[in-house]
$ cat coords37.csv   # CSV, C-alpha atoms (C1' of nucleotides)
chain,number,residue,atom,x,y,z
A,137,MET,CA,3.3,-8.2,9.9
A,138,GLU,CA,0.4,-5.8,9.7
A,139,LYS,CA,-3.2,-5.9,8.8
A,140,THR,CA,-4.3,-6.3,5.2
A,141,ASP,CA,-7.2,-8.2,3.6
A,142,ILE,CA,-8.2,-11.7,4.2
A,143,THR,CA,-6.9,-13.7,1.3
A,144,LYS,CA,-8.6,-16.5,-0.7
A,145,SER,CA,-7.0,-19.3,1.3
A,146,GLU,CA,-7.5,-17.5,4.6
A,147,TRP,CA,-11.2,-17.3,4.0
A,148,GLU,CA,-11.4,-21.0,4.1
A,149,VAL,CA,-9.9,-21.0,7.6
A,150,MET,CA,-12.0,-18.1,8.8
A,151,ARG,CA,-15.3,-19.7,7.7
A,152,ILE,CA,-14.5,-22.8,9.7
A,153,VAL,CA,-13.5,-20.8,12.8
A,154,TRP,CA,-16.7,-18.7,12.6
A,155,THR,CA,-18.8,-21.8,12.2
A,156,LEU,CA,-17.2,-23.7,15.1
A,157,ARG,CA,-16.6,-20.5,17.2
A,158,GLU,CA,-13.3,-21.9,18.4
A,159,THR,CA,-11.1,-24.7,17.1
A,160,THR,CA,-7.6,-26.1,17.0
A,161,SER,CA,-5.1,-26.6,14.3
A,162,SER,CA,-5.7,-30.4,14.3
A,163,GLN,CA,-9.5,-30.0,13.9
A,164,LEU,CA,-8.9,-27.5,11.0
A,165,THR,CA,-6.5,-30.0,9.5
A,166,ASP,CA,-9.1,-32.7,9.6
A,167,ILE,CA,-11.6,-30.5,7.8
A,168,LEU,CA,-9.4,-28.7,5.4
A,169,SER,CA,-6.8,-31.2,4.4
A,170,LYS,CA,-9.5,-33.2,2.6
A,171,LYS,CA,-11.5,-30.3,1.3
A,172,MET,CA,-8.6,-28.2,0.1
A,173,ASP,CA,-5.9,-30.8,-0.2
A,174,TRP,CA,-3.6,-28.8,2.1
A,175,SER,CA,-0.9,-30.1,4.3
A,176,SER,CA,-1.1,-29.5,8.0
A,177,SER,CA,1.8,-27.1,7.6
A,178,THR,CA,-0.2,-25.0,5.3
A,179,ILE,CA,-3.0,-24.7,7.7
A,180,LYS,CA,-0.6,-23.8,10.5
A,181,THR,CA,0.9,-21.1,8.4
A,182,LEU,CA,-2.4,-19.6,7.6
A,183,LEU,CA,-3.4,-19.7,11.2
A,184,SER,CA,-0.4,-17.8,12.2
A,185,ARG,CA,-0.8,-15.3,9.5
A,186,LEU,CA,-4.4,-14.7,10.5
A,187,CYS,CA,-3.2,-14.1,14.1
A,188,ASP,CA,-0.6,-11.7,12.9
A,189,LYS,CA,-3.3,-9.8,11.0
A,190,GLU,CA,-5.4,-9.9,14.1
A,191,PHE,CA,-8.3,-11.7,12.4
A,192,LEU,CA,-7.9,-14.5,14.8
A,193,GLY,CA,-6.9,-14.7,18.5
A,194,ILE,CA,-5.2,-17.5,20.4
A,195,LYS,CA,-6.0,-18.9,23.8
A,196,LYS,CA,-3.6,-21.3,25.3
A,197,ASP,CA,-5.0,-24.6,26.6
A,198,GLY,CA,-1.9,-26.2,28.1
A,199,ARG,CA,0.6,-26.2,25.2
A,200,LYS,CA,-2.2,-26.2,22.8
A,201,ASN,CA,-3.6,-23.3,20.8
A,202,ILE,CA,-7.2,-22.6,20.6
A,203,TYR,CA,-8.1,-20.2,17.8
A,204,TYR,CA,-11.1,-17.9,17.9
A,205,SER,CA,-12.2,-15.2,15.5
A,206,ALA,CA,-11.3,-11.7,16.4
A,207,ILE,CA,-13.7,-10.1,13.9
A,208,LYS,CA,-17.4,-10.5,13.3
A,209,GLU,CA,-18.2,-12.7,10.4
A,210,GLN,CA,-20.9,-10.3,9.0
A,211,ALA,CA,-18.5,-7.4,9.4
A,212,ALA,CA,-15.8,-9.2,7.4
A,213,TYR,CA,-18.3,-10.0,4.6
A,214,ASP,CA,-19.6,-6.5,4.5
A,215,MET,CA,-16.1,-5.1,4.3
A,216,SER,CA,-15.0,-7.4,1.5
A,217,VAL,CA,-18.1,-6.8,-0.6
A,218,LYS,CA,-17.7,-3.1,0.0
A,219,ARG,CA,-14.1,-3.3,-1.3
A,220,VAL,CA,-15.3,-5.0,-4.5
A,221,PHE,CA,-17.9,-2.4,-5.1
A,222,GLU,CA,-15.4,0.3,-4.6
A,223,SER,CA,-13.3,-0.9,-7.5
A,224,MET,CA,-16.4,-0.9,-9.8
A,225,CYS,CA,-17.9,1.9,-11.9
A,226,CYS,CA,-21.0,2.9,-9.9
A,227,MET,CA,-23.1,2.9,-13.1
A,228,HIS,CA,-22.9,-0.9,-12.9
A,229,TYR,CA,-23.9,-1.4,-9.3
A,230,GLY,CA,-27.5,-2.1,-10.3
A,231,GLU,CA,-26.9,-4.7,-12.9
A,232,THR,CA,-24.2,-6.3,-10.8
A,233,LEU,CA,-26.5,-6.7,-7.9
A,234,HIS,CA,-29.2,-8.0,-10.2
A,235,ASP,CA,-26.9,-10.6,-11.6
A,236,VAL,CA,-25.6,-11.8,-8.3
A,237,ILE,CA,-29.0,-12.1,-6.9
A,238,GLU,CA,-30.1,-14.3,-9.8
A,239,ASN,CA,-27.3,-16.7,-9.0
A,240,ILE,CA,-27.2,-17.1,-5.2
A,241,GLU,CA,-29.4,-18.8,-2.7
A,242,LEU,CA,-31.6,-16.5,-0.7
A,243,SER,CA,-34.4,-17.4,1.8
A,244,LYS,CA,-37.8,-15.9,1.6
A,245,SER,CA,-37.1,-13.7,4.6
A,246,ASP,CA,-33.8,-12.6,3.1
A,247,ILE,CA,-35.7,-11.6,0.0
A,248,ASP,CA,-38.3,-9.7,2.0
A,249,SER,CA,-35.8,-7.8,4.0
A,250,ILE,CA,-33.9,-6.8,0.9
A,251,ILE,CA,-37.1,-5.7,-0.9
A,252,ASP,CA,-37.8,-3.7,2.2
A,253,VAL,CA,-34.6,-1.8,2.2
A,254,LEU,CA,-34.9,-1.2,-1.6
A,255,LYS,CA,-38.3,0.2,-1.2
A,256,LYS,CA,-37.1,2.6,1.5
A,257,LYS,CA,-34.2,3.6,-0.7
A,258,ARG,CA,-36.4,4.2,-3.6
A,259,ASP,CA,-37.9,7.4,-2.2
A,260,THR,CA,-34.7,9.3,-2.3
A,261,ALA,CA,-33.1,7.4,-5.2
A,262,PRO,CA,-31.9,9.5,-8.2
A,263,GLU,CA,-33.3,8.9,-11.6
A,264,GLU,CA,-29.8,8.0,-12.8
A,265,VAL,CA,-26.4,7.3,-11.4
A,266,HIS,CA,-23.5,9.0,-13.1
A,267,CYS,CA,-20.1,7.5,-13.9
A,268,LYS,CA,-17.3,9.0,-11.9
A,269,CYS,CA,-14.5,7.0,-13.4
A,270,LEU,CA,-12.7,9.9,-15.0
A,271,GLU,CA,-13.1,12.3,-12.1
A,272,GLU,CA,-10.5,13.7,-9.8
B,185,MET,CA,2.3,-15.1,-17.5
B,186,GLU,CA,-1.2,-16.6,-17.3
B,187,LYS,CA,-4.7,-15.4,-16.5
B,188,THR,CA,-5.6,-14.7,-12.9
B,189,ASP,CA,-7.8,-12.1,-11.3
B,190,ILE,CA,-7.8,-8.4,-11.9
B,191,THR,CA,-5.9,-6.8,-9.0
B,192,LYS,CA,-6.8,-3.7,-7.0
B,193,SER,CA,-4.4,-1.5,-9.0
B,194,GLU,CA,-5.4,-3.1,-12.3
B,195,TRP,CA,-9.0,-2.2,-11.7
B,196,GLU,CA,-8.1,1.4,-11.8
B,197,VAL,CA,-6.7,1.0,-15.3
B,198,MET,CA,-9.5,-1.2,-16.5
B,199,ARG,CA,-12.2,1.3,-15.4
B,200,ILE,CA,-10.6,4.0,-17.5
B,201,VAL,CA,-10.2,1.8,-20.5
B,202,TRP,CA,-13.8,0.7,-20.3
B,203,THR,CA,-14.9,4.3,-19.9
B,204,LEU,CA,-12.9,5.6,-22.8
B,205,ARG,CA,-13.3,2.4,-24.9
B,206,GLU,CA,-9.7,2.8,-26.1
B,207,THR,CA,-6.7,4.8,-24.8
B,208,THR,CA,-3.0,5.2,-24.7
B,209,SER,CA,-0.5,5.0,-22.0
B,210,SER,CA,0.0,8.7,-22.0
B,211,GLN,CA,-3.7,9.4,-21.6
B,212,LEU,CA,-3.8,6.9,-18.8
B,213,THR,CA,-0.8,8.6,-17.2
B,214,ASP,CA,-2.6,12.0,-17.3
B,215,ILE,CA,-5.5,10.6,-15.5
B,216,LEU,CA,-4.0,8.1,-13.1
B,217,SER,CA,-0.8,9.8,-12.1
B,218,LYS,CA,-2.8,12.5,-10.4
B,219,LYS,CA,-5.6,10.3,-9.0
B,220,MET,CA,-3.4,7.5,-7.8
B,221,ASP,CA,0.0,9.2,-7.5
B,222,TRP,CA,1.6,6.7,-9.8
B,223,SER,CA,4.6,7.1,-12.0
B,224,SER,CA,4.2,6.6,-15.7
B,225,SER,CA,6.3,3.4,-15.3
B,226,THR,CA,3.8,2.0,-13.0
B,227,ILE,CA,1.0,2.5,-15.4
B,228,LYS,CA,3.0,1.0,-18.2
B,229,THR,CA,3.8,-2.1,-16.1
B,230,LEU,CA,0.1,-2.5,-15.2
B,231,LEU,CA,-0.9,-2.2,-18.9
B,232,SER,CA,1.6,-4.8,-19.9
B,233,ARG,CA,0.4,-7.2,-17.2
B,234,LEU,CA,-3.2,-6.7,-18.2
B,235,CYS,CA,-2.2,-7.6,-21.7
B,236,ASP,CA,-0.4,-10.7,-20.5
B,237,LYS,CA,-3.5,-11.7,-18.6
B,238,GLU,CA,-5.6,-10.9,-21.8
B,239,PHE,CA,-7.8,-8.5,-20.0
B,240,LEU,CA,-6.6,-5.8,-22.5
B,241,GLY,CA,-5.6,-6.0,-26.1
B,242,ILE,CA,-3.2,-3.8,-28.1
B,243,LYS,CA,-3.6,-2.2,-31.5
B,244,LYS,CA,-0.5,-0.6,-33.0
B,245,ASP,CA,-0.9,3.0,-34.3
B,246,GLY,CA,2.5,3.5,-35.7
B,247,ARG,CA,4.9,2.8,-32.9
B,248,LYS,CA,2.2,3.7,-30.5
B,249,ASN,CA,0.1,1.3,-28.5
B,250,ILE,CA,-3.7,1.7,-28.4
B,251,TYR,CA,-5.1,-0.4,-25.5
B,252,TYR,CA,-8.7,-1.7,-25.6
B,253,SER,CA,-10.5,-3.9,-23.2
B,254,ALA,CA,-10.7,-7.6,-24.1
B,255,ILE,CA,-13.4,-8.4,-21.6
B,256,LYS,CA,-16.8,-6.9,-21.0
B,257,GLU,CA,-17.0,-4.6,-18.1
B,258,GLN,CA,-20.2,-6.1,-16.7
B,259,ALA,CA,-18.9,-9.6,-17.0
B,260,ALA,CA,-15.8,-8.6,-15.1
B,261,TYR,CA,-17.9,-7.1,-12.3
B,262,ASP,CA,-20.1,-10.1,-12.2
B,263,MET,CA,-17.2,-12.4,-12.0
B,264,SER,CA,-15.5,-10.5,-9.2
B,265,VAL,CA,-18.6,-10.2,-7.1
B,266,LYS,CA,-19.3,-13.9,-7.7
B,267,ARG,CA,-15.8,-14.7,-6.4
B,268,VAL,CA,-16.4,-12.8,-3.2
B,269,PHE,CA,-19.7,-14.5,-2.6
B,270,GLU,CA,-18.0,-17.8,-3.1
B,271,SER,CA,-15.8,-17.2,-0.2
B,272,MET,CA,-18.7,-16.4,2.1
B,273,CYS,CA,-20.9,-18.6,4.2
B,274,CYS,CA,-24.2,-18.7,2.2
B,275,MET,CA,-26.2,-18.1,5.4
B,276,HIS,CA,-24.9,-14.5,5.3
B,277,TYR,CA,-25.8,-13.7,1.7
B,278,GLY,CA,-29.0,-12.0,2.6
B,279,GLU,CA,-27.6,-9.7,5.2
B,280,THR,CA,-24.6,-8.9,3.2
B,281,LEU,CA,-26.7,-7.8,0.2
B,282,HIS,CA,-28.9,-5.9,2.5
B,283,ASP,CA,-25.9,-4.1,4.0
B,284,VAL,CA,-24.3,-3.3,0.6
B,285,ILE,CA,-27.5,-2.0,-0.8
B,286,GLU,CA,-27.9,0.4,2.1
B,287,ASN,CA,-24.5,1.9,1.3
B,288,ILE,CA,-24.3,2.3,-2.5
B,289,GLU,CA,-26.0,4.6,-4.9
B,290,LEU,CA,-28.7,3.0,-7.0
B,291,SER,CA,-31.1,4.7,-9.4
B,292,LYS,CA,-34.9,4.2,-9.2
B,293,SER,CA,-34.8,1.9,-12.3
B,294,ASP,CA,-31.9,-0.1,-10.8
B,295,ILE,CA,-34.0,-0.6,-7.7
B,296,ASP,CA,-37.1,-1.5,-9.7
B,297,SER,CA,-35.2,-4.1,-11.6
B,298,ILE,CA,-33.7,-5.6,-8.5
B,299,ILE,CA,-37.1,-5.7,-6.7
B,300,ASP,CA,-38.4,-7.4,-9.8
B,301,VAL,CA,-35.8,-10.2,-9.8
B,302,LEU,CA,-36.3,-10.7,-6.1
B,303,LYS,CA,-40.0,-11.1,-6.5
B,304,LYS,CA,-39.5,-13.7,-9.2
B,305,LYS,CA,-37.0,-15.5,-7.0
B,306,ARG,CA,-39.3,-15.4,-4.0
B,307,ASP,CA,-41.7,-18.0,-5.5
B,308,THR,CA,-39.2,-20.8,-5.4
B,309,ALA,CA,-37.1,-19.5,-2.5
B,310,PRO,CA,-36.5,-21.8,0.5
B,311,GLU,CA,-37.7,-20.8,4.0
B,312,GLU,CA,-34.1,-21.0,5.1
B,313,VAL,CA,-30.6,-21.3,3.7
B,314,HIS,CA,-28.3,-23.8,5.4
B,315,CYS,CA,-24.7,-23.4,6.2
B,316,LYS,CA,-22.4,-25.7,4.2
B,317,CYS,CA,-19.2,-24.5,5.6
B,318,LEU,CA,-18.3,-27.8,7.2
B,319,GLU,CA,-19.4,-30.0,4.3
B,320,GLU,CA,-17.3,-32.1,2.0
C,286,DT,C1',10.8,-45.4,30.7
C,287,DT,C1',11.8,-45.6,25.8
C,288,DT,C1',9.3,-45.0,21.4
C,289,DT,C1',6.2,-42.6,18.7
C,290,DA,C1',2.8,-39.5,17.3
C,291,DT,C1',1.3,-34.5,17.8
C,292,DA,C1',1.2,-29.8,17.8
C,293,DG,C1',3.8,-25.6,17.6
C,294,DT,C1',7.3,-22.5,15.7
C,295,DC,C1',10.8,-21.4,12.0
C,296,DT,C1',12.4,-21.3,7.7
C,297,DA,C1',11.9,-21.7,2.6
C,298,DC,C1',10.7,-20.7,-1.8
C,299,DA,C1',8.2,-19.6,-6.1
C,300,DA,C1',4.4,-16.7,-7.9
C,301,DT,C1',2.0,-12.5,-7.7
C,302,DT,C1',1.5,-7.6,-6.9
C,303,DG,C1',2.8,-2.7,-6.1
C,304,DT,C1',5.8,0.4,-7.6
C,305,DA,C1',9.4,2.4,-10.4
C,306,DG,C1',14.1,3.1,-12.6
C,307,DA,C1',17.1,2.3,-17.0
C,308,DC,C1',17.6,2.3,-21.7
C,309,DA,C1',16.4,2.5,-26.7
C,310,DA,C1',13.9,4.1,-30.6
C,311,DA,C1',11.2,7.3,-32.8
C,312,DA,C1',9.1,11.9,-33.2
C,313,DG,C1',8.9,16.7,-32.6
C,314,DA,C1',11.4,21.1,-31.8
C,315,DA,C1',15.1,24.1,-32.6
D,240,DT,C1',20.1,17.9,-38.7
D,241,DT,C1',21.1,17.8,-33.8
D,242,DC,C1',18.7,18.1,-29.2
D,243,DT,C1',14.8,16.9,-26.4
D,244,DT,C1',10.7,14.7,-25.3
D,245,DT,C1',7.7,10.6,-25.7
D,246,DT,C1',6.7,6.1,-25.6
D,247,DG,C1',7.7,1.4,-25.4
D,248,DT,C1',10.3,-2.6,-23.4
D,249,DC,C1',13.2,-4.6,-19.7
D,250,DT,C1',14.8,-5.1,-15.4
D,251,DA,C1',14.4,-4.5,-10.4
D,252,DC,C1',13.0,-5.2,-5.9
D,253,DA,C1',10.3,-5.5,-1.7
D,254,DA,C1',5.8,-7.2,0.2
D,255,DT,C1',2.3,-10.6,0.0
D,256,DT,C1',0.4,-15.1,-0.8
D,257,DG,C1',0.2,-20.1,-1.6
D,258,DT,C1',2.2,-24.0,-0.1
D,259,DA,C1',5.1,-26.9,2.7
D,260,DG,C1',9.4,-29.0,4.9
D,261,DA,C1',12.5,-29.0,9.2
D,262,DC,C1',13.1,-29.0,13.9
D,263,DT,C1',11.4,-29.1,18.7
D,264,DA,C1',8.9,-30.0,22.7
D,265,DT,C1',5.5,-32.6,24.6
D,266,DA,C1',2.0,-36.1,25.4
D,267,DA,C1',0.4,-40.6,24.6
D,268,DA,C1',1.4,-45.4,23.9
D,269,DA,C1',4.0,-49.5,24.5
$ encode --input "coords37.csv" --output "structure tokens"
Amino acid sequence: MEKTDITKSEWEVMRIVWTLRETTSSQLTDILSKKMDWSSSTIKTLLSRLCDKEFLGIKKDGRKNIYYSAIKEQAAYDMSVKRVFESMCCMHYGETLHDVIENIELSKSDIDSIIDVLKKKRDTAPEEVHCKCLEE
Amino acid sequence: MEKTDITKSEWEVMRIVWTLRETTSSQLTDILSKKMDWSSSTIKTLLSRLCDKEFLGIKKDGRKNIYYSAIKEQAAYDMSVKRVFESMCCMHYGETLHDVIENIELSKSDIDSIIDVLKKKRDTAPEEVHCKCLEE
DNA sequence: TTTTATAGTCTACAATTGTAGACAAAAGAA
DNA sequence: TTCTTTTGTCTACAATTGTAGACTATAAAA
């Protein structure tokens, strides 16, 4: 198999791996069988697909597998958000960001740093963004 | 078939429909066969799936189909961005937003309105956001 | 050491998605 | 009015995804 996106189910696994830095299929099963109501088989399948896609790596500890992330968490998030924005009409970027910001939890320092980048961006920002949906 | 997400290929169709408000399969074919290198069959299949999923509606004009969007464009974007954020660790929301903002086009008024909502949010924002990836 | 519980690897199978050909009906052209 | 092009509807088929059972090799327990 080759590299595609991380799927909805796979994100669940990846998040745990990132949080724990490394883990085993039984630890994942403990956590995810409750939360997601998955069988251990399901988790094992997801693990092996994530390895095929090279989002996870394996270290052997005896006959046991230790899984660790092969991509940076932040990079994965950036990529996946970038993909969503790429399928949108750019005229709606602003409102979409506005709406998402209203609905997620951000710390004061997150907010400050975002305001910061926005202010920098403002200097060179256009008055208007034009729709390119019919172009090409 | 029942309602799921809009897929990558389907977004291409939806964006055109939103832009044109209503359109036909031949007009879509003109636009998308070049841009996406799709056959007219492919476009027709996507149209019929989007109708099944109730993202598009059909009006008959003689024996011709006129397709129109059955969901609001902004609502679709909000939903899909929300979904992505739901698969992320909330500790990374801030940096992810920061990164996406750096890389997309925003108008001055977009920026002002986002700064605005951020400032409002700041009053009640926590000092820190905590990871919930292992909870439940 | 025999039994049992684990962890790992394969195989399975339905639903969704990407992509498109086959065929029929109607409309326009000759 | 017959031929040709459009358009619509069905069917097709491989790849991906969600979900999990079967079988195997150990390791732990009795």
$ closest_residue --input "coords37.csv" --among "B:Ile288, B:Ile190, B:Met272, B:Ala260" --to "Lys237 in chain B" --atoms "all atoms listed in the file"
B:Ile190
$ axis_aligned_box --input "coords37.csv" --around "range 292-310 of chain B" --padding-each-side "5 Å" --output "lines of an AutoDock Vina configuration file"
center_x = -36.8
center_y = -8.8
center_z = -5.9
size_x = 19.8
size_y = 36.0
size_z = 22.8
$ closest_atom_pairs --input "coords37.csv" --of "chain B" --to "chain C" --cutoff "10 Å" --atoms "all atoms listed in the file" --output "tab-separated table"
residue	atom	partner	partner_atom	distance
B:Met185	CA	C:DA300	C1'	10.0
B:Thr188	CA	C:DT301	C1'	9.5
B:Thr191	CA	C:DT302	C1'	7.7
B:Lys192	CA	C:DT302	C1'	9.2
B:Ser193	CA	C:DG303	C1'	7.9
B:Glu194	CA	C:DT302	C1'	9.8
B:Trp222	CA	C:DT304	C1'	7.9
B:Ser223	CA	C:DA305	C1'	6.9
B:Ser224	CA	C:DA305	C1'	8.5
B:Ser225	CA	C:DA305	C1'	5.9
B:Thr226	CA	C:DT304	C1'	6.0
B:Ile227	CA	C:DT304	C1'	9.4
B:Thr229	CA	C:DT304	C1'	9.1
B:Leu230	CA	C:DG303	C1'	9.5
B:Gly246	CA	C:DA311	C1'	9.9
B:Arg247	CA	C:DA311	C1'	7.7
B:Lys248	CA	C:DA311	C1'	10.0
$ residues_around --input "coords37.csv" --residues "Lys219 in chain B" --least-positions-apart "4" --cutoff "12 Å" --atoms "all atoms listed in the file" --output "PyMOL selection string"
(chain A and resi 269-272) or (chain B and resi 193+196-197+200+212-215+223)
$ write_last_selection --input "coords37.csv" --atoms "C-alpha atoms" --output "PDB file, in the coordinates of the input"
ATOM      1  CA  CYS A 269     -14.500   7.000 -13.400  1.00  0.00           C
ATOM      2  CA  LEU A 270     -12.700   9.900 -15.000  1.00  0.00           C
ATOM      3  CA  GLU A 271     -13.100  12.300 -12.100  1.00  0.00           C
ATOM      4  CA  GLU A 272     -10.500  13.700  -9.800  1.00  0.00           C
TER       5      GLU A 272
ATOM      6  CA  SER B 193      -4.400  -1.500  -9.000  1.00  0.00           C
ATOM      7  CA  GLU B 196      -8.100   1.400 -11.800  1.00  0.00           C
ATOM      8  CA  VAL B 197      -6.700   1.000 -15.300  1.00  0.00           C
ATOM      9  CA  ILE B 200     -10.600   4.000 -17.500  1.00  0.00           C
ATOM     10  CA  LEU B 212      -3.800   6.900 -18.800  1.00  0.00           C
ATOM     11  CA  THR B 213      -0.800   8.600 -17.200  1.00  0.00           C
ATOM     12  CA  ASP B 214      -2.600  12.000 -17.300  1.00  0.00           C
ATOM     13  CA  ILE B 215      -5.500  10.600 -15.500  1.00  0.00           C
ATOM     14  CA  SER B 223       4.600   7.100 -12.000  1.00  0.00           C
TER      15      SER B 223
END
$ closest_atom_pairs --input "coords37.csv" --of "chain B" --to "chain A" --cutoff "8 Å" --atoms "all atoms listed in the file" --output "JSON lines"
{"residue": "B:Lys192", "atom": "CA", "partner": "A:Ser223", "partner_atom": "CA", "distance": 7.1}
{"residue": "B:Trp195", "atom": "CA", "partner": "A:Ser223", "partner_atom": "CA", "distance": 6.1}
{"residue": "B:Glu196", "atom": "CA", "partner": "A:Ser223", "partner_atom": "CA", "distance": 7.1}
{"residue": "B:Arg199", "atom": "CA", "partner": "A:Cys269", "partner_atom": "CA", "distance": 6.5}
{"residue": "B:Ile200", "atom": "CA", "partner": "A:Cys269", "partner_atom": "CA", "distance": 6.4}
{"residue": "B:Thr203", "atom": "CA", "partner": "A:Cys269", "partner_atom": "CA", "distance": 7.0}
{"residue": "B:Ile215", "atom": "CA", "partner": "A:Leu270", "partner_atom": "CA", "distance": 7.3}
{"residue": "B:Lys218", "atom": "CA", "partner": "A:Glu272", "partner_atom": "CA", "distance": 7.8}
{"residue": "B:Lys219", "atom": "CA", "partner": "A:Glu272", "partner_atom": "CA", "distance": 6.0}
{"residue": "B:Gln258", "atom": "CA", "partner": "A:His228", "partner_atom": "CA", "distance": 7.0}
{"residue": "B:Tyr261", "atom": "CA", "partner": "A:Thr232", "partner_atom": "CA", "distance": 6.5}
{"residue": "B:Asp262", "atom": "CA", "partner": "A:Thr232", "partner_atom": "CA", "distance": 5.8}
{"residue": "B:Ser264", "atom": "CA", "partner": "A:Val220", "partner_atom": "CA", "distance": 7.2}
{"residue": "B:Val265", "atom": "CA", "partner": "A:Val220", "partner_atom": "CA", "distance": 6.7}
{"residue": "B:Lys266", "atom": "CA", "partner": "A:Val236", "partner_atom": "CA", "distance": 6.7}
{"residue": "B:Val268", "atom": "CA", "partner": "A:Val217", "partner_atom": "CA", "distance": 6.8}
{"residue": "B:Ser271", "atom": "CA", "partner": "A:Trp147", "partner_atom": "CA", "distance": 6.2}
{"residue": "B:Met272", "atom": "CA", "partner": "A:Tyr213", "partner_atom": "CA", "distance": 6.9}
{"residue": "B:Cys273", "atom": "CA", "partner": "A:Arg151", "partner_atom": "CA", "distance": 6.7}
{"residue": "B:Cys274", "atom": "CA", "partner": "A:Glu241", "partner_atom": "CA", "distance": 7.1}
{"residue": "B:His276", "atom": "CA", "partner": "A:Gln210", "partner_atom": "CA", "distance": 6.9}
{"residue": "B:Tyr277", "atom": "CA", "partner": "A:Leu242", "partner_atom": "CA", "distance": 6.9}
{"residue": "B:Gly278", "atom": "CA", "partner": "A:Asp246", "partner_atom": "CA", "distance": 4.9}
{"residue": "B:Glu279", "atom": "CA", "partner": "A:Asp246", "partner_atom": "CA", "distance": 7.2}
{"residue": "B:Thr280", "atom": "CA", "partner": "A:Asp214", "partner_atom": "CA", "distance": 5.7}
{"residue": "B:Leu281", "atom": "CA", "partner": "A:Ile250", "partner_atom": "CA", "distance": 7.3}
{"residue": "B:His282", "atom": "CA", "partner": "A:Ile250", "partner_atom": "CA", "distance": 5.3}
{"residue": "B:Asp283", "atom": "CA", "partner": "A:Asp214", "partner_atom": "CA", "distance": 6.8}
{"residue": "B:Val284", "atom": "CA", "partner": "A:Lys218", "partner_atom": "CA", "distance": 6.6}
{"residue": "B:Ile285", "atom": "CA", "partner": "A:Leu254", "partner_atom": "CA", "distance": 7.5}
{"residue": "B:Glu286", "atom": "CA", "partner": "A:Val253", "partner_atom": "CA", "distance": 7.1}
{"residue": "B:Ile288", "atom": "CA", "partner": "A:Tyr229", "partner_atom": "CA", "distance": 7.8}
{"residue": "B:Glu289", "atom": "CA", "partner": "A:Val265", "partner_atom": "CA", "distance": 7.0}
{"residue": "B:Leu290", "atom": "CA", "partner": "A:Gly230", "partner_atom": "CA", "distance": 6.2}
{"residue": "B:Ser291", "atom": "CA", "partner": "A:Glu264", "partner_atom": "CA", "distance": 4.9}
{"residue": "B:Lys292", "atom": "CA", "partner": "A:Ala261", "partner_atom": "CA", "distance": 5.4}
{"residue": "B:Ser293", "atom": "CA", "partner": "A:Glu263", "partner_atom": "CA", "distance": 7.2}
{"residue": "B:Asp294", "atom": "CA", "partner": "A:Gly230", "partner_atom": "CA", "distance": 4.9}
{"residue": "B:Ile295", "atom": "CA", "partner": "A:Leu254", "partner_atom": "CA", "distance": 6.2}
{"residue": "B:Ser297", "atom": "CA", "partner": "A:His234", "partner_atom": "CA", "distance": 7.3}
{"residue": "B:Ile298", "atom": "CA", "partner": "A:His234", "partner_atom": "CA", "distance": 5.4}
{"residue": "B:Ile299", "atom": "CA", "partner": "A:Ile251", "partner_atom": "CA", "distance": 5.8}
{"residue": "B:Val301", "atom": "CA", "partner": "A:His234", "partner_atom": "CA", "distance": 7.0}
{"residue": "B:Leu302", "atom": "CA", "partner": "A:Ile247", "partner_atom": "CA", "distance": 6.2}
{"residue": "B:Lys303", "atom": "CA", "partner": "A:Ile247", "partner_atom": "CA", "distance": 7.8}
{"residue": "B:Lys305", "atom": "CA", "partner": "A:Glu238", "partner_atom": "CA", "distance": 7.5}
{"residue": "B:Arg306", "atom": "CA", "partner": "A:Lys244", "partner_atom": "CA", "distance": 5.8}
{"residue": "B:Ala309", "atom": "CA", "partner": "A:Ser243", "partner_atom": "CA", "distance": 5.5}
{"residue": "B:Pro310", "atom": "CA", "partner": "A:Ser243", "partner_atom": "CA", "distance": 5.0}
{"residue": "B:Glu311", "atom": "CA", "partner": "A:Ser243", "partner_atom": "CA", "distance": 5.2}
{"residue": "B:Glu312", "atom": "CA", "partner": "A:Ser243", "partner_atom": "CA", "distance": 4.9}
{"residue": "B:Val313", "atom": "CA", "partner": "A:Ser243", "partner_atom": "CA", "distance": 5.8}
{"residue": "B:Cys317", "atom": "CA", "partner": "A:Ile152", "partner_atom": "CA", "distance": 6.5}
{"residue": "B:Leu318", "atom": "CA", "partner": "A:Ile152", "partner_atom": "CA", "distance": 6.8}
{"residue": "B:Glu320", "atom": "CA", "partner": "A:Lys171", "partner_atom": "CA", "distance": 6.1}
$ interface_residues --input "coords37.csv" --of "chain D" --to "chain B" --cutoff "10 Å" --atoms "all atoms listed in the file" --output "list in words"
DT245, DT246, DG247 and DT248 of chain D
$ atom_distance --input "coords37.csv" --atom1 "C1' of DA251 in chain D" --atom2 "CA of Asp141 in chain A"
26.0 Å
